[in-house]
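S.K.: Coordinates in my_file.pdb, PDB, C-alpha atoms, pLDDT in the B column, are listed below.
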```
MODEL        1
ATOM      1  CA  MET O   1    -135.019 -50.537  43.410  1.00 55.00           C
ATOM      2  CA  ARG O   2    -136.683 -49.390  40.220  1.00 71.00           C
ATOM      3  CA  ASN O   3    -134.599 -48.010  37.362  1.00 78.00           C
ATOM      4  CA  THR O   4    -136.367 -44.648  37.408  1.00 81.00           C
ATOM      5  CA  GLU O   5    -135.664 -44.187  41.137  1.00 83.00           C
ATOM      6  CA  TYR O   6    -132.028 -45.121  40.654  1.00 85.00           C
ATOM      7  CA  ILE O   7    -131.546 -42.821  37.672  1.00 88.00           C
ATOM      8  CA  SER O   8    -133.190 -39.996  39.583  1.00 89.00           C
ATOM      9  CA  CYS O   9    -130.797 -40.507  42.521  1.00 89.00           C
ATOM     10  CA  VAL O  10    -127.763 -40.575  40.257  1.00 90.00           C
ATOM     11  CA  GLU O  11    -128.838 -37.392  38.509  1.00 92.00           C
ATOM     12  CA  ARG O  12    -129.624 -35.614  41.769  1.00 92.00           C
ATOM     13  CA  TYR O  13    -126.622 -36.649  43.870  1.00 93.00           C
ATOM     14  CA  SER O  14    -123.749 -37.517  41.521  1.00 93.00           C
ATOM     15  CA  GLU O  15    -122.134 -34.085  41.765  1.00 93.00           C
ATOM     16  CA  MET O  16    -122.283 -34.169  45.557  1.00 93.00           C
ATOM     17  CA  VAL O  17    -120.701 -37.647  45.727  1.00 93.00           C
ATOM     18  CA  PHE O  18    -118.040 -36.579  43.213  1.00 93.00           C
ATOM     19  CA  ARG O  19    -117.157 -33.445  45.203  1.00 91.00           C
ATOM     20  CA  ILE O  20    -116.829 -35.397  48.455  1.00 90.00           C
ATOM     21  CA  ALA O  21    -114.619 -38.007  46.805  1.00 90.00           C
ATOM     22  CA  PHE O  22    -112.590 -35.301  45.088  1.00 89.00           C
ATOM     23  CA  SER O  23    -112.023 -33.592  48.423  1.00 85.00           C
ATOM     24  CA  TYR O  24    -110.505 -36.845  49.690  1.00 83.00           C
ATOM     25  CA  PHE O  25    -108.467 -37.876  46.680  1.00 82.00           C
ATOM     26  CA  GLY O  26    -107.598 -34.577  45.058  1.00 80.00           C
ATOM     27  CA  ASN O  27    -107.902 -35.899  41.529  1.00 82.00           C
ATOM     28  CA  LYS O  28    -110.699 -36.384  39.061  1.00 88.00           C
ATOM     29  CA  ALA O  29    -110.051 -40.006  38.056  1.00 88.00           C
ATOM     30  CA  ASP O  30    -110.118 -41.397  41.594  1.00 87.00           C
ATOM     31  CA  ALA O  31    -113.166 -39.300  42.467  1.00 89.00           C
ATOM     32  CA  GLU O  32    -115.011 -40.653  39.425  1.00 92.00           C
ATOM     33  CA  ASP O  33    -114.061 -44.220  40.378  1.00 91.00           C
ATOM     34  CA  MET O  34    -115.325 -43.658  43.908  1.00 92.00           C
ATOM     35  CA  MET O  35    -118.542 -42.127  42.599  1.00 94.00           C
ATOM     36  CA  GLN O  36    -119.095 -45.231  40.479  1.00 93.00           C
ATOM     37  CA  ASP O  37    -118.471 -47.516  43.475  1.00 93.00           C
ATOM     38  CA  VAL O  38    -120.919 -45.591  45.653  1.00 93.00           C
ATOM     39  CA  PHE O  39    -123.684 -45.681  43.064  1.00 92.00           C
ATOM     40  CA  LEU O  40    -123.098 -49.379  42.479  1.00 91.00           C
ATOM     41  CA  LYS O  41    -123.705 -49.914  46.193  1.00 91.00           C
ATOM     42  CA  LEU O  42    -126.900 -47.911  45.859  1.00 89.00           C
ATOM     43  CA  LEU O  43    -127.954 -49.998  42.862  1.00 87.00           C
ATOM     44  CA  HIS O  44    -127.597 -53.194  44.884  1.00 86.00           C
ATOM     45  CA  GLN O  45    -129.869 -51.871  47.642  1.00 82.00           C
ATOM     46  CA  ASP O  46    -133.262 -53.568  47.676  1.00 77.00           C
ATOM     47  CA  GLN O  47    -134.976 -50.273  48.363  1.00 74.00           C
ATOM     48  CA  LEU O  48    -134.009 -46.650  48.851  1.00 72.00           C
ATOM     49  CA  PRO O  49    -133.215 -45.547  52.410  1.00 70.00           C
ATOM     50  CA  GLY O  50    -136.363 -43.342  52.602  1.00 77.00           C
ATOM     51  CA  SER O  51    -136.797 -39.603  52.130  1.00 82.00           C
ATOM     52  CA  ASP O  52    -134.495 -37.416  50.046  1.00 85.00           C
ATOM     53  CA  GLU O  53    -132.639 -36.309  53.179  1.00 86.00           C
ATOM     54  CA  GLN O  54    -132.117 -39.939  54.243  1.00 87.00           C
ATOM     55  CA  ILE O  55    -130.857 -40.867  50.779  1.00 89.00           C
ATOM     56  CA  LYS O  56    -128.467 -37.907  50.806  1.00 89.00           C
ATOM     57  CA  ALA O  57    -127.181 -38.831  54.271  1.00 88.00           C
ATOM     58  CA  TRP O  58    -126.779 -42.472  53.220  1.00 90.00           C
ATOM     59  CA  LEU O  59    -124.794 -41.480  50.117  1.00 92.00           C
ATOM     60  CA  ILE O  60    -122.545 -39.148  52.112  1.00 91.00           C
ATOM     61  CA  ARG O  61    -121.908 -41.807  54.743  1.00 91.00           C
ATOM     62  CA  VAL O  62    -121.132 -44.474  52.126  1.00 92.00           C
ATOM     63  CA  THR O  63    -118.861 -42.096  50.198  1.00 92.00           C
ATOM     64  CA  VAL O  64    -116.886 -41.141  53.298  1.00 90.00           C
ATOM     65  CA  ASN O  65    -116.597 -44.779  54.419  1.00 89.00           C
ATOM     66  CA  GLN O  66    -115.517 -45.940  50.953  1.00 89.00           C
ATOM     67  CA  CYS O  67    -112.889 -43.196  50.793  1.00 86.00           C
ATOM     68  CA  HIS O  68    -111.525 -44.231  54.195  1.00 82.00           C
ATOM     69  CA  SER O  69    -111.434 -47.884  53.102  1.00 83.00           C
ATOM     70  CA  THR O  70    -109.611 -46.994  49.924  1.00 79.00           C
ATOM     71  CA  PHE O  71    -106.982 -45.017  51.822  1.00 69.00           C
ATOM     72  CA  ARG O  72    -106.328 -48.029  54.055  1.00 68.00           C
ATOM     73  CA  SER O  73    -105.742 -50.386  51.133  1.00 62.00           C
ATOM     74  CA  PRO O  74    -102.153 -51.515  50.401  1.00 57.00           C
ATOM     75  CA  PHE O  75    -102.532 -50.505  46.750  1.00 54.00           C
ATOM     76  CA  ARG O  76    -103.269 -46.915  47.730  1.00 51.00           C
ATOM     77  CA  LYS O  77    -100.121 -46.603  49.813  1.00 47.00           C
ATOM     78  CA  LYS O  78     -97.938 -47.260  46.764  1.00 45.00           C
ATOM     79  CA  LYS O  79     -99.718 -44.776  44.513  1.00 48.00           C
ATOM     80  CA  VAL O  80     -97.804 -41.905  42.919  1.00 43.00           C
ATOM     81  CA  TRP O  81     -99.709 -38.610  42.725  1.00 44.00           C
ATOM     82  CA  LEU O  82     -99.879 -36.365  39.682  1.00 41.00           C
ATOM     83  CA  SER O  83     -99.140 -32.815  40.763  1.00 42.00           C
ATOM     84  CA  ASP O  84    -101.876 -30.225  40.424  1.00 42.00           C
ATOM     85  CA  TYR O  85    -103.322 -31.663  37.195  1.00 42.00           C
ATOM     86  CA  GLU O  86    -106.899 -30.756  38.034  1.00 45.00           C
ATOM     87  CA  LEU O  87    -105.983 -27.410  39.542  1.00 46.00           C
ATOM     88  CA  ASN O  88    -104.315 -26.242  36.354  1.00 48.00           C
ATOM     89  CA  SER O  89    -107.373 -27.154  34.299  1.00 48.00           C
ATOM     90  CA  PHE O  90    -109.533 -24.690  36.279  1.00 47.00           C
ATOM     91  CA  ALA O  91    -107.465 -21.709  35.176  1.00 46.00           C
ATOM     92  CA  ASP O  92    -108.127 -22.476  31.495  1.00 47.00           C
ATOM     93  CA  GLU O  93    -111.910 -22.634  31.843  1.00 46.00           C
ATOM     94  CA  THR O  94    -112.743 -19.060  32.802  1.00 44.00           C
ATOM     95  CA  SER O  95    -111.761 -15.697  31.418  1.00 46.00           C
ATOM     96  CA  ILE O  96    -112.096 -13.581  34.550  1.00 51.00           C
ATOM     97  CA  GLU O  97    -108.513 -13.724  35.756  1.00 60.00           C
ATOM     98  CA  GLU O  98    -108.989 -12.208  39.209  1.00 65.00           C
ATOM     99  CA  ASP O  99    -111.859 -14.547  40.030  1.00 62.00           C
ATOM    100  CA  VAL O 100    -109.851 -17.520  38.795  1.00 62.00           C
ATOM    101  CA  THR O 101    -106.904 -16.504  40.927  1.00 70.00           C
ATOM    102  CA  ARG O 102    -109.033 -16.296  44.056  1.00 73.00           C
ATOM    103  CA  ARG O 103    -110.854 -19.546  43.382  1.00 72.00           C
ATOM    104  CA  TYR O 104    -107.577 -21.287  42.662  1.00 72.00           C
ATOM    105  CA  ALA O 105    -106.049 -19.940  45.875  1.00 75.00           C
ATOM    106  CA  VAL O 106    -109.030 -20.991  48.004  1.00 80.00           C
ATOM    107  CA  TYR O 107    -109.256 -24.375  46.306  1.00 78.00           C
ATOM    108  CA  SER O 108    -105.513 -24.975  46.715  1.00 79.00           C
ATOM    109  CA  ALA O 109    -105.676 -23.952  50.351  1.00 84.00           C
ATOM    110  CA  VAL O 110    -108.599 -26.285  51.079  1.00 85.00           C
ATOM    111  CA  MET O 111    -106.938 -29.173  49.227  1.00 82.00           C
ATOM    112  CA  SER O 112    -103.700 -28.622  51.157  1.00 86.00           C
ATOM    113  CA  LEU O 113    -105.454 -29.171  54.483  1.00 88.00           C
ATOM    114  CA  PRO O 114    -104.985 -32.519  56.229  1.00 89.00           C
ATOM    115  CA  ASP O 115    -107.781 -34.997  55.449  1.00 85.00           C
ATOM    116  CA  LYS O 116    -109.565 -34.608  58.768  1.00 89.00           C
ATOM    117  CA  TYR O 117    -109.904 -30.849  58.225  1.00 92.00           C
ATOM    118  CA  ARG O 118    -110.551 -30.956  54.491  1.00 89.00           C
ATOM    119  CA  ILE O 119    -113.583 -33.238  54.737  1.00 89.00           C
ATOM    120  CA  VAL O 120    -115.318 -31.205  57.464  1.00 92.00           C
ATOM    121  CA  VAL O 121    -114.780 -28.004  55.478  1.00 90.00           C
ATOM    122  CA  HIS O 122    -116.195 -29.654  52.389  1.00 86.00           C
ATOM    123  CA  LEU O 123    -119.228 -31.136  54.108  1.00 88.00           C
ATOM    124  CA  TYR O 124    -119.983 -27.934  56.019  1.00 89.00           C
ATOM    125  CA  TYR O 125    -119.426 -25.313  53.313  1.00 85.00           C
ATOM    126  CA  TYR O 126    -120.010 -27.151  50.053  1.00 80.00           C
ATOM    127  CA  GLU O 127    -122.663 -29.691  51.043  1.00 83.00           C
ATOM    128  CA  ASP O 128    -124.358 -27.461  53.656  1.00 83.00           C
ATOM    129  CA  LEU O 129    -124.515 -30.217  56.250  1.00 88.00           C
ATOM    130  CA  PRO O 130    -125.069 -29.184  59.856  1.00 90.00           C
ATOM    131  CA  ILE O 131    -122.398 -30.059  62.391  1.00 93.00           C
ATOM    132  CA  ASP O 132    -124.500 -32.827  63.967  1.00 93.00           C
ATOM    133  CA  GLU O 133    -124.897 -34.632  60.642  1.00 90.00           C
ATOM    134  CA  ILE O 134    -121.198 -34.288  59.856  1.00 91.00           C
ATOM    135  CA  ALA O 135    -120.407 -35.796  63.248  1.00 92.00           C
ATOM    136  CA  GLU O 136    -122.750 -38.691  62.546  1.00 90.00           C
ATOM    137  CA  VAL O 137    -121.289 -39.334  59.082  1.00 87.00           C
ATOM    138  CA  LEU O 138    -117.691 -39.212  60.318  1.00 89.00           C
ATOM    139  CA  HIS O 139    -118.445 -41.130  63.532  1.00 89.00           C
ATOM    140  CA  VAL O 140    -117.015 -38.407  65.761  1.00 92.00           C
ATOM    141  CA  LYS O 141    -118.495 -36.047  68.360  1.00 95.00           C
ATOM    142  CA  ALA O 142    -120.055 -32.745  67.291  1.00 94.00           C
ATOM    143  CA  THR O 143    -117.457 -30.887  69.378  1.00 96.00           C
ATOM    144  CA  THR O 144    -114.738 -32.643  67.384  1.00 95.00           C
ATOM    145  CA  VAL O 145    -116.285 -31.366  64.158  1.00 94.00           C
ATOM    146  CA  GLN O 146    -116.459 -27.838  65.592  1.00 95.00           C
ATOM    147  CA  THR O 147    -112.821 -28.023  66.657  1.00 96.00           C
ATOM    148  CA  ARG O 148    -111.727 -29.297  63.250  1.00 94.00           C
ATOM    149  CA  LEU O 149    -113.686 -26.537  61.502  1.00 94.00           C
ATOM    150  CA  ALA O 150    -112.107 -23.886  63.731  1.00 94.00           C
ATOM    151  CA  ARG O 151    -108.609 -25.253  63.138  1.00 94.00           C
ATOM    152  CA  ALA O 152    -109.233 -25.542  59.406  1.00 92.00           C
ATOM    153  CA  ARG O 153    -110.423 -21.924  59.273  1.00 92.00           C
ATOM    154  CA  ASP O 154    -107.278 -20.805  61.118  1.00 92.00           C
ATOM    155  CA  LYS O 155    -105.063 -22.720  58.720  1.00 90.00           C
ATOM    156  CA  LEU O 156    -106.952 -21.348  55.716  1.00 89.00           C
ATOM    157  CA  LYS O 157    -106.665 -17.775  57.001  1.00 88.00           C
ATOM    158  CA  LYS O 158    -102.900 -18.111  57.349  1.00 87.00           C
ATOM    159  CA  VAL O 159    -102.417 -19.703  53.938  1.00 83.00           C
ATOM    160  CA  LEU O 160    -104.737 -17.317  52.124  1.00 82.00           C
ATOM    161  CA  LYS O 161    -103.286 -14.275  53.864  1.00 82.00           C
ATOM    162  CA  GLU O 162     -99.851 -15.323  52.597  1.00 75.00           C
ATOM    163  CA  ASP O 163    -101.155 -16.017  49.075  1.00 66.00           C
ATOM    164  CA  PHE O 164    -102.926 -12.679  48.712  1.00 65.00           C
ATOM    165  CA  ALA O 165    -100.057 -10.750  50.328  1.00 63.00           C
ATOM    166  CA  ARG O 166     -97.805 -11.680  47.399  1.00 58.00           C
TER
ENDMDL
END
```
Give the structure from the file, written as C-alpha cells.
M.R.:
Amino acid sequence: MRNTEYISCVERYSEMVFRIAFSYFGNKADAEDMMQDVFLKLLHQDQLPGSDEQIKAWLIRVTVNQCHSTFRSPFRKKKVWLSDYELNSFADETSIEEDVTRRYAVYSAVMSLPDKYRIVVHLYYYEDLPIDEIAEVLHVKATTVQTRLARARDKLKKVLKEDFAR
C-alpha cells in the first residue's frame, strides 16, 4: 500500500473507527488504542480492499472483531473503569445548556445499553450502515439486528423518558 493511500484512509475513516471503538469501550484512551491497532492492520495490508465502500466495510469489520478480541482477553477482565470521565468533558465544551443536557442524556442512555444493543445502535444511527451490512459485520442474521435495534429503542425510550421527566 502506498503512503498516500494509507494517509487518505486514515484521514477519511479515523473518526468512524474511533466512534465504533468508543461505543464498545466507553472511554477515549481505549478507543484511541483500538483505532491505532486497526490502522496498523490496514498498514500491513498489501493492497486496499477495493472501493471506498469496501474499505469502510473492512475497517468496520476489523474494528468490531478487534474490540471483541480485546474484551475476551484476560487483561481486560481485570481492568478497573474510570467513571464517566469522558461524559463530564462534553458538558464543558458547549455553552448551550439545554442542548448539552439532551446530548448528555442520549449519550449516557446509549452507553448504558448492553454491548449487543449499543453496537447496533451505533452502526445504524451514527455510521448509517444498513441492517444487512451490520448483520454481515457482526456475523449475525439481519432479523437479529432488527430485534436488537427494536429492543435498544425500547430501552432508550424508557431511560430517556425517566431522565426528561425529572
S.K.: Report, in Å with one decimal, the straight-line distance from atom CA of Leu42 of chain O to atom CA of Ala57 of chain O.
M.R.: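 Taking atom CA of Leu42 of chain O as the start and atom CA of Ala57 of chain O as the end point, the length is 12.4 Å.
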S.K.: Could you give me, as a VMD selection string, the residues within 10 Å of Met34 of chain O, counting only C-alpha atoms and dropping anything in the same chain fewer than 2 positions from it?
M.R.: chain O and resid 17 to 18 20 to 22 25 28 to 32 36 to 40 63 to 64 66 to 67 70
S.K.: For Leu48 of chain O, which residue out of O:Tyr117, O:Tyr6, O:Tyr124, O:Tyr104 is the nearest one, using only C-alpha atoms?
M.R.: O:Tyr6
S.K.: Taking all atoms listed in the file into account, which of O:Ser69, O:Val137, O:Tyr125, O:Val159 comes nearest Ser112 of chain O?
M.R.: O:Val159
S.K.: Give as a list of chain:residue names the set of residues within 10 Å of the point (-138.0, -51.1, 43.3), where distances use the file's coordinates and all atoms listed in the file.
M.R.: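 The distance filter leaves exactly O:Met1, O:Arg2, O:Asn3, O:Thr4, O:Glu5, O:Tyr6, O:Gln45, O:Asp46, O:Gln47, O:Leu48.
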S.K.: Write out as a list in words the residues lying within 12 Å of Arg151 of chain O, counting all atoms listed in the file and excluding same-chain residues fewer than 4 positions away.
M.R.: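 That gives Leu113, Pro114, Lys116, Tyr117, Arg118, Val120, Val121, Thr144, Val145, Gln146, Thr147, Lys155, Leu156, Lys157 and Lys158 of chain O.
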S.K.: Go through O:Arg102, O:Leu59, O:Glu11, O:His122 and flag the residue nearest Arg153 of chain O, using only C-alpha atoms for the distances.
M.R.: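 Result for the nearest residue to Arg153 of chain O: O:His122.
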